[in-house]
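K.L.:
Below are the structure tokens for one structure; questions will follow.
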Amino acid sequence: MHRNGLDGIVAFLRVAERRSFTAAAAELGVTAAAISQTIKALEARLGAPSSPARPATSG
């Protein structure tokens with residue numbers, strides 16, 4: 001899912017909108033694990049967690 005620098009932001013927004021890693025992944029055509037890795041990479045780039053509690057991967 002690492003096509004460009006916006007992937008992490010897109011993944012984060014989809015998870016926030018859908019409140020589900022699984023639903024966001026299905027919409028973006030990737031696995032929930034890919035969404036999780038992409039958001040972890042975004043968090044690393046920003047130097048902070050994206051939220052205090054991440055949503056569950058089932059949805």
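Residues are named by chain letter and number: chains run A, B, ... in the order of the structure tokens, numbers start at 1 in each chain, and ligands are numbered from 1 in the order shown.
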Could you give me, as a list in words, the residues within 10 Å of Arg14 of chain A, counting only C-alpha atoms and dropping anything in the same chain fewer than 2 positions from it?
P.N.:
Gly8, Ile9, Val10, Ala11, Phe12, Ala16, Glu17, Arg18, Arg19, Ser20, Phe21, Ala23, Ala24, Ala25, Glu27, Leu28 and Ile35 of chain A
K.L.:
What does the structure give for the distance between atom CA of Leu42 of chain A and atom CA of Thr22 of chain A, in Å to one decimal?
P.N.:
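Interatomic distance, atom CA of Leu42 of chain A to atom CA of Thr22 of chain A: 18.1 Å.
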K.L.:
Mind the document's chain letters and residue numbers, and return as a PyMOL selection string the residues of segment 8-58 of chain A that DSSP labels helix (DSSP H, G or I).
P.N.:
chain A and resi 8-18+21-28+32-46
K.L.:
Kindly save the residues from that selection, with N, CA, C and O atoms included, as a short mmCIF file (atom, residue, chain, number, x, y, z; two decimals), in the first residue's frame.
P.N.:
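Done, and the output landed in result-v2.cif:
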```cif
data_model
loop_
_atom_site.label_atom_id
_atom_site.label_comp_id
_atom_site.auth_asym_id
_atom_site.auth_seq_id
_atom_site.Cartn_x
_atom_site.Cartn_y
_atom_site.Cartn_z
N GLY A 8 -0.67 6.72 4.05
CA GLY A 8 -0.95 6.66 5.49
C GLY A 8 -2.11 7.53 5.88
O GLY A 8 -2.95 7.14 6.69
N ILE A 9 -2.19 8.71 5.29
CA ILE A 9 -3.29 9.63 5.59
C ILE A 9 -4.60 9.06 5.06
O ILE A 9 -5.62 9.08 5.75
N VAL A 10 -4.58 8.53 3.85
CA VAL A 10 -5.78 7.93 3.27
C VAL A 10 -6.24 6.75 4.12
O VAL A 10 -7.43 6.63 4.45
N ALA A 11 -5.31 5.89 4.51
CA ALA A 11 -5.66 4.74 5.35
C ALA A 11 -6.24 5.20 6.68
O ALA A 11 -7.27 4.68 7.13
N PHE A 12 -5.61 6.18 7.30
CA PHE A 12 -6.10 6.70 8.57
C PHE A 12 -7.51 7.26 8.44
O PHE A 12 -8.40 6.97 9.26
N LEU A 13 -7.74 8.04 7.39
CA LEU A 13 -9.07 8.61 7.19
C LEU A 13 -10.13 7.54 6.96
O LEU A 13 -11.24 7.64 7.51
N ARG A 14 -9.81 6.53 6.17
CA ARG A 14 -10.78 5.46 5.92
C ARG A 14 -11.10 4.70 7.21
O ARG A 14 -12.26 4.38 7.47
N VAL A 15 -10.09 4.41 8.01
CA VAL A 15 -10.33 3.71 9.28
C VAL A 15 -11.20 4.58 10.19
O VAL A 15 -12.14 4.09 10.81
N ALA A 16 -10.89 5.86 10.25
CA ALA A 16 -11.68 6.77 11.09
C ALA A 16 -13.13 6.86 10.60
O ALA A 16 -14.06 6.83 11.42
N GLU A 17 -13.32 6.94 9.30
CA GLU A 17 -14.67 7.02 8.74
C GLU A 17 -15.46 5.74 8.95
O GLU A 17 -16.65 5.78 9.27
N ARG A 18 -14.82 4.61 8.75
CA ARG A 18 -15.50 3.31 8.83
C ARG A 18 -15.47 2.71 10.22
O ARG A 18 -16.19 1.76 10.49
N PHE A 21 -10.73 -1.40 10.70
CA PHE A 21 -9.61 -1.66 9.81
C PHE A 21 -10.06 -2.56 8.66
O PHE A 21 -9.65 -2.38 7.52
N THR A 22 -10.91 -3.52 8.97
CA THR A 22 -11.38 -4.48 7.96
C THR A 22 -12.19 -3.78 6.88
O THR A 22 -11.98 -4.02 5.68
N ALA A 23 -13.12 -2.92 7.27
CA ALA A 23 -13.96 -2.21 6.29
C ALA A 23 -13.10 -1.25 5.46
O ALA A 23 -13.30 -1.14 4.25
N ALA A 24 -12.17 -0.57 6.10
CA ALA A 24 -11.28 0.33 5.36
C ALA A 24 -10.44 -0.44 4.36
O ALA A 24 -10.26 -0.02 3.22
N ALA A 25 -9.94 -1.59 4.79
CA ALA A 25 -9.11 -2.43 3.91
C ALA A 25 -9.91 -2.90 2.70
O ALA A 25 -9.42 -2.85 1.57
N ALA A 26 -11.13 -3.35 2.94
CA ALA A 26 -11.98 -3.81 1.83
C ALA A 26 -12.23 -2.69 0.83
O ALA A 26 -12.17 -2.89 -0.38
N GLU A 27 -12.48 -1.50 1.34
CA GLU A 27 -12.73 -0.36 0.46
C GLU A 27 -11.50 0.00 -0.37
O GLU A 27 -11.61 0.37 -1.54
N LEU A 28 -10.32 -0.14 0.24
CA LEU A 28 -9.08 0.23 -0.45
C LEU A 28 -8.46 -0.93 -1.22
O LEU A 28 -7.45 -0.76 -1.90
N ALA A 32 -6.39 -5.98 6.03
CA ALA A 32 -6.39 -5.21 7.27
C ALA A 32 -4.96 -5.07 7.81
O ALA A 32 -4.60 -4.03 8.37
N ALA A 33 -4.14 -6.10 7.61
CA ALA A 33 -2.74 -6.03 8.04
C ALA A 33 -1.99 -4.93 7.29
O ALA A 33 -1.16 -4.22 7.88
N ALA A 34 -2.28 -4.77 6.00
CA ALA A 34 -1.64 -3.70 5.22
C ALA A 34 -2.06 -2.32 5.74
O ALA A 34 -1.23 -1.40 5.82
N ILE A 35 -3.32 -2.19 6.10
CA ILE A 35 -3.80 -0.92 6.67
C ILE A 35 -3.06 -0.64 7.98
O ILE A 35 -2.57 0.46 8.21
N SER A 36 -2.96 -1.65 8.82
CA SER A 36 -2.27 -1.50 10.10
C SER A 36 -0.82 -1.09 9.92
O SER A 36 -0.33 -0.17 10.57
N GLN A 37 -0.12 -1.76 9.00
CA GLN A 37 1.28 -1.43 8.74
C GLN A 37 1.43 -0.01 8.19
O GLN A 37 2.36 0.71 8.55
N THR A 38 0.51 0.38 7.32
CA THR A 38 0.56 1.71 6.74
C THR A 38 0.35 2.78 7.80
O THR A 38 1.05 3.81 7.83
N ILE A 39 -0.59 2.54 8.71
CA ILE A 39 -0.83 3.51 9.78
C ILE A 39 0.34 3.53 10.77
O ILE A 39 0.73 4.60 11.23
N LYS A 40 0.93 2.39 11.05
CA LYS A 40 2.13 2.35 11.89
C LYS A 40 3.26 3.17 11.28
O LYS A 40 3.97 3.89 11.97
N ALA A 41 3.41 3.07 9.96
CA ALA A 41 4.44 3.84 9.27
C ALA A 41 4.14 5.34 9.37
O ALA A 41 5.05 6.15 9.56
N LEU A 42 2.86 5.71 9.24
CA LEU A 42 2.47 7.12 9.39
C LEU A 42 2.80 7.60 10.80
O LEU A 42 3.35 8.69 10.98
N GLU A 43 2.45 6.80 11.80
CA GLU A 43 2.75 7.16 13.18
C GLU A 43 4.26 7.36 13.39
O GLU A 43 4.68 8.31 14.06
N ALA A 44 5.05 6.49 12.78
CA ALA A 44 6.51 6.61 12.90
C ALA A 44 7.00 7.90 12.24
O ALA A 44 7.87 8.58 12.79
N ARG A 45 6.44 8.22 11.08
CA ARG A 45 6.83 9.46 10.39
C ARG A 45 6.47 10.68 11.21
O ARG A 45 7.21 11.67 11.25
N LEU A 46 5.31 10.64 11.87
CA LEU A 46 4.85 11.77 12.67
C LEU A 46 5.47 11.80 14.06
O LEU A 46 5.42 12.82 14.73
#
```
